[in-house]
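One structure below.
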2 protein chains.
Amino acid sequence: MRSPDWITVRALPLFCDMEEEHFDQLIDGAFCHRFPKYANLVTEGDTADFLYVLVDGLVELYGTHDGQKTTLDVMQPVGSFTLAAVIRDDVYLKSARTLMPSQILMIPAQTVRQIYRCDHAFADAIVNELAERYRCTVRALKSVKLRNGLERLANWILCTDEQQGGQRSFELTFDKRTLASRLGMTPENLSRNLAVLTKHGVRSAGRGIVIENPSALMQLAKPNSLIDG
Amino acid sequence: MRSPDWITVRALPLFCDMEEEHFDQLIDGAFCHRFPKYANLVTEGDTADFLYVLVDGLVELYGTHDGQKTTLDVMQPVGSFTLAAVIRDDVYLKSARTLMPSQILMIPAQTVRQIYRCDHAFADAIVNELAERYRCTVRALKSVKLRNGLERLANWILCTDEQQGGQRSFELTFDKRTLASRLGMTPENLSRNLAVLTKHGVRSAGRGIVIENPSALMQLAKPNSLIDG
DNA sequence: AACGAGATTTGATCGATATCAAAAGGCAGG
DNA sequence: CCTGCCTTTTGATATCGATCAAATCTCGTT
């Protein structure tokens with residue numbers, strides 16, 4: 001690849017401890033591409049040919065069934081996806097597409113498995129990555145099964161704010177249709193739920209969200225470290 | 001431990017390829033206990049002290065929040081649980097209890113991590129186990145978000161039958177309350193949904209379920225290998 | 001065999017979420 | 001700055017699933 005910033009890739013927990021030589025081998029066989037907004041990257045059911053690294057931009061991971069589609073995750077840079085399918089040499093379970101113009105590193109699955117077998121630090125990082133992803137998915141499942149739509153939205157606002165530095169104010173980086181799907185509700189209900197949150201300390205306009213009364217919001221959200229992370 | 005059947009434990013994918021010596025070390029520090037029905041094994045939020053292996057019996061993994069409880073998985077022998085929390089040296093995200101009298105092997109987390117570091121085959125098995133568990137959880141999440149209750153029940157019946165040999169007939173091994181929770185519905189709605197399935201080729205009485213018309217059931221269920229596995 | 005506790009089913013109703021329809025708002029291209 | 005398309009919001013309604021209540025069933029115990 002001829003990207004200027006693979007220092008950031010190298011710095012990923014997944015790669016940061018591995019042998020320089022092995023990292024170079026991974027990179028040698030890899031492609032780095034720019035994709036436009038809404039480009040399809042991965043189709044669920046295909047055999048896992050690549051490990052993906054989102055270097056810059058935004059990627060949606062989603063699942064489809066019987067004409068339906070649901071957003072499972074929205075990935076931010078820098079991070080990898082499709083690791084589990086690659087390691088098990090199996091099909092992808094999630095589809096992926098860009099939500100904005102994005103720079104994507106694609107590492108051939110075979111190369112990943114090969115280096116995994118010979119680089120102990122890389123193998124260890126893979127274990128940690130898989131365990132963490134697993135736990136995130138367990139949290140997501142608990143959230144869907146134990147909370148209603150309004151509560152999921154309230155907690156998403158609290159988490160997103162915290163993740164962005166706790167300024168009590170942030171902007172959506174993707175459209176509300178996708179957020180609704182991520183949260184497991186329709187766009188119509190997301191809109192209505194945002195309106196309801198006005199009574200619980202949240203003011204929103206367009207893509208801006210302001211937490212005016214954190215304690216009121218938390219009282220509704222009932223955040224739980226075993227769900228929200 | 002002084003159980004007669006740790007040949008079955010040794011045969012688990014997680015342990016079958018590791019060094020004899022290391023397996024012995026794992027076993028040396030472990031406890032093997034019999035627990036009665038409905039014994040609490042694990043409480044979510046506690047730090048992960050043990051890797052659990054269900055040798056015999058039945059175990060429910062569940063999550064709780066705000067006075068609610070939801071079944072996340074029902075484990076059958078022989079299998080392990082709490083691996084991700086143990087490897088990451090973090091808190092449990094799921095609680096666990098027995099659903100029938102069960103024999104449980106408890107391996108101290110520290111020992112697991114220690115052997116993980118020095119036994120390559122064990123580390124490899126852990127990678128595969130974590131990846132597979134991750135994928136199962138992704139499937140569960142897709143199921144909840146992409147199907148309604150009736151469809152989840154229909155597919156659960158198809159999967160359970162297949163897993164038990166495809167006899168088109170099987171018995172529930174745990175109560176309907178737990179099944180309802182596993183499937184993300186109330187016991188009342190499970191009962192009603194079972195009644196609805198009469199019109200789609202399923203006859204049920206008590207704990208017995210018979211698939212009288214597989215194609216009618218499949219037409220309703222729309223099974224999907226990327227959800228049902 | 002009768003009893004009683006808990007599980008399951010059934011019926012009635014409530015509430016949450018989805019759907020359908022239409023209006024309003026935002027934004028890019030001309 | 002207007003136009004037209006797409007997103008979002010709002011309102012009305014329908015559907016699904018939850019809740020409440022009561023009847024029935026199951027099964028272990030006496």
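Scheme for the structure tokens: letters A, B, ... for chains in order shown; per-chain residue numbers from 1; ligand numbers from 1 in order shown.
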Subject >> Test item: chain C residues at most 9 Å from chain B, counting only C-alpha atoms (C1' of nucleotides), as an MDAnalysis selection string >> reply: chainID C and resid 7:10
Kindly export the residues of the current selection with C-alpha atoms (C1' of nucleotides), as a tab-separated table (two decimals), in the first residue's frame.
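The resulting selection-v5.tsv:
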```
chain	number	residue	atom	x	y	z
C	7	DA	C1'	-46.30	-24.38	35.39
C	8	DT	C1'	-48.98	-23.67	31.44
C	9	DT	C1'	-52.85	-22.19	28.89
C	10	DT	C1'	-56.52	-19.17	27.77
```
Subject >> DSSP alpha helix (DSSP H) residues within region 32-198 of chain A, listed as a VMD selection string >> reply: chain A and resid 83 to 88 109 to 118 120 to 146 149 to 163 176 to 183 187 to 197
Store the residues of this selection in a file with C-alpha atoms, as a PDB file, in the first residue's frame.
```pdb
ATOM      1  CA  LEU A  83     -11.531 -11.131  11.895  1.00  0.00           C
ATOM      2  CA  ALA A  84     -13.598 -14.049  13.218  1.00  0.00           C
ATOM      3  CA  ALA A  85     -14.610 -15.222   9.742  1.00  0.00           C
ATOM      4  CA  VAL A  86     -11.013 -14.924   8.519  1.00  0.00           C
ATOM      5  CA  ILE A  87      -9.541 -16.893  11.410  1.00  0.00           C
ATOM      6  CA  ARG A  88     -12.099 -19.660  11.079  1.00  0.00           C
ATOM      7  CA  ALA A 109      -7.179 -13.897   4.692  1.00  0.00           C
ATOM      8  CA  GLN A 110      -4.559 -16.514   3.938  1.00  0.00           C
ATOM      9  CA  THR A 111      -1.782 -14.126   4.857  1.00  0.00           C
ATOM     10  CA  VAL A 112      -3.476 -13.307   8.144  1.00  0.00           C
ATOM     11  CA  ARG A 113      -3.830 -16.976   9.034  1.00  0.00           C
ATOM     12  CA  GLN A 114      -0.242 -17.659   8.042  1.00  0.00           C
ATOM     13  CA  ILE A 115       1.209 -14.916  10.208  1.00  0.00           C
ATOM     14  CA  TYR A 116      -1.180 -15.835  13.004  1.00  0.00           C
ATOM     15  CA  ARG A 117       0.426 -19.269  13.089  1.00  0.00           C
ATOM     16  CA  CYS A 118       3.978 -17.981  13.425  1.00  0.00           C
ATOM     17  CA  HIS A 120       2.942 -15.207  19.015  1.00  0.00           C
ATOM     18  CA  ALA A 121       2.215 -11.566  19.773  1.00  0.00           C
ATOM     19  CA  PHE A 122      -0.152 -11.355  16.809  1.00  0.00           C
ATOM     20  CA  ALA A 123      -1.955 -14.501  17.951  1.00  0.00           C
ATOM     21  CA  ASP A 124      -2.281 -13.019  21.411  1.00  0.00           C
ATOM     22  CA  ALA A 125      -3.676  -9.787  20.004  1.00  0.00           C
ATOM     23  CA  ILE A 126      -6.187 -11.795  17.980  1.00  0.00           C
ATOM     24  CA  VAL A 127      -7.352 -13.565  21.130  1.00  0.00           C
ATOM     25  CA  ASN A 128      -7.896 -10.259  22.843  1.00  0.00           C
ATOM     26  CA  GLU A 129      -9.649  -8.737  19.865  1.00  0.00           C
ATOM     27  CA  LEU A 130     -11.985 -11.712  19.474  1.00  0.00           C
ATOM     28  CA  ALA A 131     -12.775 -11.799  23.181  1.00  0.00           C
ATOM     29  CA  GLU A 132     -13.542  -8.089  23.191  1.00  0.00           C
ATOM     30  CA  ARG A 133     -15.741  -8.256  20.085  1.00  0.00           C
ATOM     31  CA  TYR A 134     -17.557 -11.186  21.580  1.00  0.00           C
ATOM     32  CA  ARG A 135     -18.236  -9.239  24.731  1.00  0.00           C
ATOM     33  CA  CYS A 136     -19.475  -6.214  22.763  1.00  0.00           C
ATOM     34  CA  THR A 137     -21.928  -8.428  20.925  1.00  0.00           C
ATOM     35  CA  VAL A 138     -23.132  -9.966  24.177  1.00  0.00           C
ATOM     36  CA  ARG A 139     -23.742  -6.439  25.455  1.00  0.00           C
ATOM     37  CA  ALA A 140     -25.682  -5.581  22.304  1.00  0.00           C
ATOM     38  CA  LEU A 141     -27.814  -8.671  22.718  1.00  0.00           C
ATOM     39  CA  LYS A 142     -28.539  -7.834  26.347  1.00  0.00           C
ATOM     40  CA  SER A 143     -29.441  -4.292  25.353  1.00  0.00           C
ATOM     41  CA  VAL A 144     -31.976  -5.462  22.772  1.00  0.00           C
ATOM     42  CA  LYS A 145     -33.521  -8.035  25.076  1.00  0.00           C
ATOM     43  CA  LEU A 146     -33.581  -6.068  28.317  1.00  0.00           C
ATOM     44  CA  GLY A 149     -36.358   1.582  22.351  1.00  0.00           C
ATOM     45  CA  LEU A 150     -36.399   4.768  24.391  1.00  0.00           C
ATOM     46  CA  GLU A 151     -33.921   3.365  26.896  1.00  0.00           C
ATOM     47  CA  ARG A 152     -31.587   2.157  24.161  1.00  0.00           C
ATOM     48  CA  LEU A 153     -31.611   5.608  22.605  1.00  0.00           C
ATOM     49  CA  ALA A 154     -30.982   7.296  25.954  1.00  0.00           C
ATOM     50  CA  ASN A 155     -28.015   5.057  26.652  1.00  0.00           C
ATOM     51  CA  TRP A 156     -26.668   5.457  23.143  1.00  0.00           C
ATOM     52  CA  ILE A 157     -26.626   9.216  23.687  1.00  0.00           C
ATOM     53  CA  LEU A 158     -24.823   8.837  27.003  1.00  0.00           C
ATOM     54  CA  CYS A 159     -22.252   6.438  25.533  1.00  0.00           C
ATOM     55  CA  THR A 160     -21.633   8.479  22.410  1.00  0.00           C
ATOM     56  CA  ASP A 161     -21.173  11.632  24.417  1.00  0.00           C
ATOM     57  CA  GLU A 162     -18.723   9.975  26.780  1.00  0.00           C
ATOM     58  CA  GLN A 163     -16.812   8.397  23.911  1.00  0.00           C
ATOM     59  CA  LYS A 176     -30.940   8.969  11.491  1.00  0.00           C
ATOM     60  CA  ARG A 177     -32.216   6.114   9.383  1.00  0.00           C
ATOM     61  CA  THR A 178     -29.019   4.193  10.147  1.00  0.00           C
ATOM     62  CA  LEU A 179     -29.071   5.168  13.805  1.00  0.00           C
ATOM     63  CA  ALA A 180     -32.643   3.924  14.076  1.00  0.00           C
ATOM     64  CA  SER A 181     -31.644   0.597  12.569  1.00  0.00           C
ATOM     65  CA  ARG A 182     -28.614   0.355  14.871  1.00  0.00           C
ATOM     66  CA  LEU A 183     -30.907   0.904  17.837  1.00  0.00           C
ATOM     67  CA  PRO A 187     -36.903   6.038  11.746  1.00  0.00           C
ATOM     68  CA  GLU A 188     -40.374   7.213  12.724  1.00  0.00           C
ATOM     69  CA  ASN A 189     -39.973   5.930  16.250  1.00  0.00           C
ATOM     70  CA  LEU A 190     -36.468   7.327  16.575  1.00  0.00           C
ATOM     71  CA  SER A 191     -37.907  10.712  15.728  1.00  0.00           C
ATOM     72  CA  ARG A 192     -40.673  10.312  18.287  1.00  0.00           C
ATOM     73  CA  ASN A 193     -38.284   9.008  20.926  1.00  0.00           C
ATOM     74  CA  LEU A 194     -35.993  11.981  20.436  1.00  0.00           C
ATOM     75  CA  ALA A 195     -39.022  14.180  20.994  1.00  0.00           C
ATOM     76  CA  VAL A 196     -39.832  12.297  24.207  1.00  0.00           C
ATOM     77  CA  LEU A 197     -36.274  12.843  25.466  1.00  0.00           C
TER      78      LEU A 197
END
```
**OP:** For chain D, report every residue with an atom at most 9 Å from chain B (counting only C-alpha atoms (C1' of nucleotides)), formatted as a count of residues only.
**Re:** 4
**OP:** For region 21-29 of chain C, please output as a PyMOL selection string all residues within 10 Å (counting only C-alpha atoms (C1' of nucleotides); exclusion window: fewer than 6 positions along the same chain).
**Re:** (chain A and resi 206) or (chain D and resi 3-12)
Take the residues that were just selected and, keeping C-alpha atoms (C1' of nucleotides), output them as a PDB file, in the first residue's frame.
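Output contents, as saved in out_1.pdb:
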```pdb
ATOM      1  CA  GLY A 206     -31.029  18.358  13.063  1.00  0.00           C
TER       2      GLY A 206
ATOM      3  C1'  DT D   3     -35.936  23.301  -7.929  1.00  0.00           C
ATOM      4  C1'  DG D   4     -36.451  18.722  -6.915  1.00  0.00           C
ATOM      5  C1'  DC D   5     -35.026  14.813  -4.312  1.00  0.00           C
ATOM      6  C1'  DC D   6     -34.314  12.699  -0.158  1.00  0.00           C
ATOM      7  C1'  DT D   7     -34.573  12.769   4.822  1.00  0.00           C
ATOM      8  C1'  DT D   8     -37.076  13.648   8.735  1.00  0.00           C
ATOM      9  C1'  DT D   9     -41.165  14.676  11.220  1.00  0.00           C
ATOM     10  C1'  DT D  10     -45.939  14.323  12.353  1.00  0.00           C
ATOM     11  C1'  DG D  11     -50.406  12.203  12.505  1.00  0.00           C
ATOM     12  C1'  DA D  12     -53.557   8.265  12.140  1.00  0.00           C
TER      13       DA D  12
END
```
Original post:
What does the distance from CA of Ser102 (chain B) to CA of Gly79 (chain B) come to in Å, to one decimal?
Top reply: 12.5 Å
Original post:
Which one of A:Gln25, A:Ser169, A:Thr43, A:Thr8 sits closest to chain B if you count only C-alpha atoms?
Top reply: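 Going through A:Gln25, A:Ser169, A:Thr43, A:Thr8 one by one, the smallest distance to chain B is for A:Thr43.
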**OP:** Work out how far CA of Lys69 (chain A) is from CA of Thr173 (chain A), in Å to one decimal.
**Re:**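 Spanning CA of Thr173 (chain A) to CA of Lys69 (chain A) is a straight-line distance of 20.0 Å.
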Subject >> Proximity to chain A - best of B:Thr47, B:Ser225, B:Gln76, B:Asn40, only C-alpha atoms >> reply: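 Closest to chain A, using only C-alpha atoms: B:Ser225.
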Subject >> 10 Å contact set for DA5 (chain C), only C-alpha atoms (C1' of nucleotides), chain neighbours under 2 positions out, as a ChimeraX atom specification >> reply: /C:3,7 /D:27-28
Subject >> For chain B, the nearest of the candidates A:Pro13, A:Pro108, A:Pro214, A:Pro223, counting only C-alpha atoms >> reply: A:Pro223
**OP:** Using only C-alpha atoms, find the one residue out of A:Arg168, A:Arg207, A:His65, A:Lys199 that sits nearest to chain B.
**Re:**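 Closest to chain B, using only C-alpha atoms: A:His65.
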Original post:
Nearest to chain A: which of B:Pro36, B:Gly57, B:Gly29, B:Gly45 is it, counting only C-alpha atoms?
Top reply: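 Counting only C-alpha atoms, the residue closest to chain A is B:Gly45.
Residues of region 133-217 of chain A carrying a DSSP assignment of strand (DSSP E), computed from the backbone, are A:Ser169, A:Phe170, A:Glu171, A:Val202, A:Arg203, A:Ser204, A:Ala205, A:Gly208, A:Ile209, A:Val210, A:Ile211.
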What would the file look like if the residues just selected were written as a PDB file, in the first residue's frame with all heavy atoms?
```
ATOM      1  N   SER A 169     -22.457  17.412  24.370  1.00  0.00           N
ATOM      2  CA  SER A 169     -22.935  17.960  23.100  1.00  0.00           C
ATOM      3  C   SER A 169     -22.158  17.321  21.959  1.00  0.00           C
ATOM      4  O   SER A 169     -20.935  17.281  21.984  1.00  0.00           O
ATOM      5  CB  SER A 169     -22.718  19.475  23.115  1.00  0.00           C
ATOM      6  OG  SER A 169     -22.928  20.010  21.835  1.00  0.00           O
ATOM      7  N   PHE A 170     -22.857  16.795  20.997  1.00  0.00           N
ATOM      8  CA  PHE A 170     -22.164  16.195  19.840  1.00  0.00           C
ATOM      9  C   PHE A 170     -23.078  16.177  18.626  1.00  0.00           C
ATOM     10  O   PHE A 170     -24.278  16.492  18.719  1.00  0.00           O
ATOM     11  CB  PHE A 170     -21.670  14.780  20.176  1.00  0.00           C
ATOM     12  CG  PHE A 170     -22.776  13.803  20.488  1.00  0.00           C
ATOM     13  CD1 PHE A 170     -23.323  13.020  19.482  1.00  0.00           C
ATOM     14  CD2 PHE A 170     -23.279  13.678  21.782  1.00  0.00           C
ATOM     15  CE1 PHE A 170     -24.340  12.114  19.761  1.00  0.00           C
ATOM     16  CE2 PHE A 170     -24.301  12.778  22.065  1.00  0.00           C
ATOM     17  CZ  PHE A 170     -24.835  12.009  21.057  1.00  0.00           C
ATOM     18  N   GLU A 171     -22.485  15.818  17.494  1.00  0.00           N
ATOM     19  CA  GLU A 171     -23.221  15.755  16.233  1.00  0.00           C
ATOM     20  C   GLU A 171     -23.256  14.315  15.739  1.00  0.00           C
ATOM     21  O   GLU A 171     -22.265  13.586  15.836  1.00  0.00           O
ATOM     22  CB  GLU A 171     -22.498  16.597  15.163  1.00  0.00           C
ATOM     23  CG  GLU A 171     -22.406  18.070  15.479  1.00  0.00           C
ATOM     24  CD  GLU A 171     -23.463  18.872  14.739  1.00  0.00           C
ATOM     25  OE1 GLU A 171     -23.687  18.583  13.539  1.00  0.00           O
ATOM     26  OE2 GLU A 171     -24.060  19.781  15.345  1.00  0.00           O
ATOM     27  N   VAL A 202     -32.714  16.191  27.184  1.00  0.00           N
ATOM     28  CA  VAL A 202     -31.975  16.165  25.917  1.00  0.00           C
ATOM     29  C   VAL A 202     -32.621  17.102  24.905  1.00  0.00           C
ATOM     30  O   VAL A 202     -33.819  16.990  24.638  1.00  0.00           O
ATOM     31  CB  VAL A 202     -31.936  14.734  25.326  1.00  0.00           C
ATOM     32  CG1 VAL A 202     -31.264  14.746  23.952  1.00  0.00           C
ATOM     33  CG2 VAL A 202     -31.229  13.790  26.265  1.00  0.00           C
ATOM     34  N   ARG A 203     -31.838  18.024  24.368  1.00  0.00           N
ATOM     35  CA  ARG A 203     -32.348  18.862  23.293  1.00  0.00           C
ATOM     36  C   ARG A 203     -31.663  18.447  21.999  1.00  0.00           C
ATOM     37  O   ARG A 203     -30.451  18.283  21.958  1.00  0.00           O
ATOM     38  CB  ARG A 203     -32.074  20.345  23.605  1.00  0.00           C
ATOM     39  CG  ARG A 203     -32.816  21.312  22.700  1.00  0.00           C
ATOM     40  CD  ARG A 203     -33.220  22.579  23.465  1.00  0.00           C
ATOM     41  NE  ARG A 203     -33.936  22.256  24.707  1.00  0.00           N
ATOM     42  CZ  ARG A 203     -35.273  22.103  24.796  1.00  0.00           C
ATOM     43  NH1 ARG A 203     -36.034  22.247  23.732  1.00  0.00           N
ATOM     44  NH2 ARG A 203     -35.822  21.825  25.951  1.00  0.00           N
ATOM     45  N   SER A 204     -32.447  18.273  20.954  1.00  0.00           N
ATOM     46  CA  SER A 204     -31.849  17.879  19.683  1.00  0.00           C
ATOM     47  C   SER A 204     -32.434  18.693  18.554  1.00  0.00           C
ATOM     48  O   SER A 204     -33.622  19.053  18.557  1.00  0.00           O
ATOM     49  CB  SER A 204     -32.075  16.390  19.433  1.00  0.00           C
ATOM     50  OG  SER A 204     -33.457  16.116  19.300  1.00  0.00           O
ATOM     51  N   ALA A 205     -31.597  19.027  17.595  1.00  0.00           N
ATOM     52  CA  ALA A 205     -32.038  19.770  16.415  1.00  0.00           C
ATOM     53  C   ALA A 205     -31.165  19.333  15.258  1.00  0.00           C
ATOM     54  O   ALA A 205     -29.937  19.409  15.349  1.00  0.00           O
ATOM     55  CB  ALA A 205     -31.932  21.276  16.649  1.00  0.00           C
ATOM     56  N   GLY A 208     -27.610  17.737  15.642  1.00  0.00           N
ATOM     57  CA  GLY A 208     -26.996  18.114  16.910  1.00  0.00           C
ATOM     58  C   GLY A 208     -27.773  17.569  18.097  1.00  0.00           C
ATOM     59  O   GLY A 208     -28.997  17.569  18.096  1.00  0.00           O
ATOM     60  N   ILE A 209     -27.032  17.095  19.096  1.00  0.00           N
ATOM     61  CA  ILE A 209     -27.669  16.603  20.310  1.00  0.00           C
ATOM     62  C   ILE A 209     -26.966  17.224  21.511  1.00  0.00           C
ATOM     63  O   ILE A 209     -25.733  17.220  21.598  1.00  0.00           O
ATOM     64  CB  ILE A 209     -27.580  15.066  20.388  1.00  0.00           C
ATOM     65  CG1 ILE A 209     -28.490  14.449  19.318  1.00  0.00           C
ATOM     66  CG2 ILE A 209     -27.957  14.557  21.776  1.00  0.00           C
ATOM     67  CD1 ILE A 209     -28.536  12.958  19.315  1.00  0.00           C
ATOM     68  N   VAL A 210     -27.764  17.797  22.423  1.00  0.00           N
ATOM     69  CA  VAL A 210     -27.204  18.409  23.615  1.00  0.00           C
ATOM     70  C   VAL A 210     -27.827  17.786  24.857  1.00  0.00           C
ATOM     71  O   VAL A 210     -29.049  17.711  24.966  1.00  0.00           O
ATOM     72  CB  VAL A 210     -27.454  19.940  23.640  1.00  0.00           C
ATOM     73  CG1 VAL A 210     -26.805  20.570  24.867  1.00  0.00           C
ATOM     74  CG2 VAL A 210     -26.939  20.593  22.360  1.00  0.00           C
ATOM     75  N   ILE A 211     -26.977  17.335  25.760  1.00  0.00           N
ATOM     76  CA  ILE A 211     -27.471  16.792  27.020  1.00  0.00           C
ATOM     77  C   ILE A 211     -27.539  17.950  28.016  1.00  0.00           C
ATOM     78  O   ILE A 211     -26.530  18.357  28.590  1.00  0.00           O
ATOM     79  CB  ILE A 211     -26.543  15.682  27.550  1.00  0.00           C
ATOM     80  CG1 ILE A 211     -26.396  14.572  26.505  1.00  0.00           C
ATOM     81  CG2 ILE A 211     -27.092  15.118  28.851  1.00  0.00           C
ATOM     82  CD1 ILE A 211     -25.373  13.517  26.878  1.00  0.00           C
TER      83      ILE A 211
END
```
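Of the residues under consideration (B:Lys37, B:His200, B:Arg147, B:Arg10), B:Arg147 shows the shortest atom-to-atom contact distance to chain A when counting only C-alpha atoms.
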Original post:
What does the distance between C1' of DC14 (chain C) and C1' of DA14 (chain D) come to in Å, to one decimal place?
Top reply: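 Between these atoms lies a distance of 14.8 Å.
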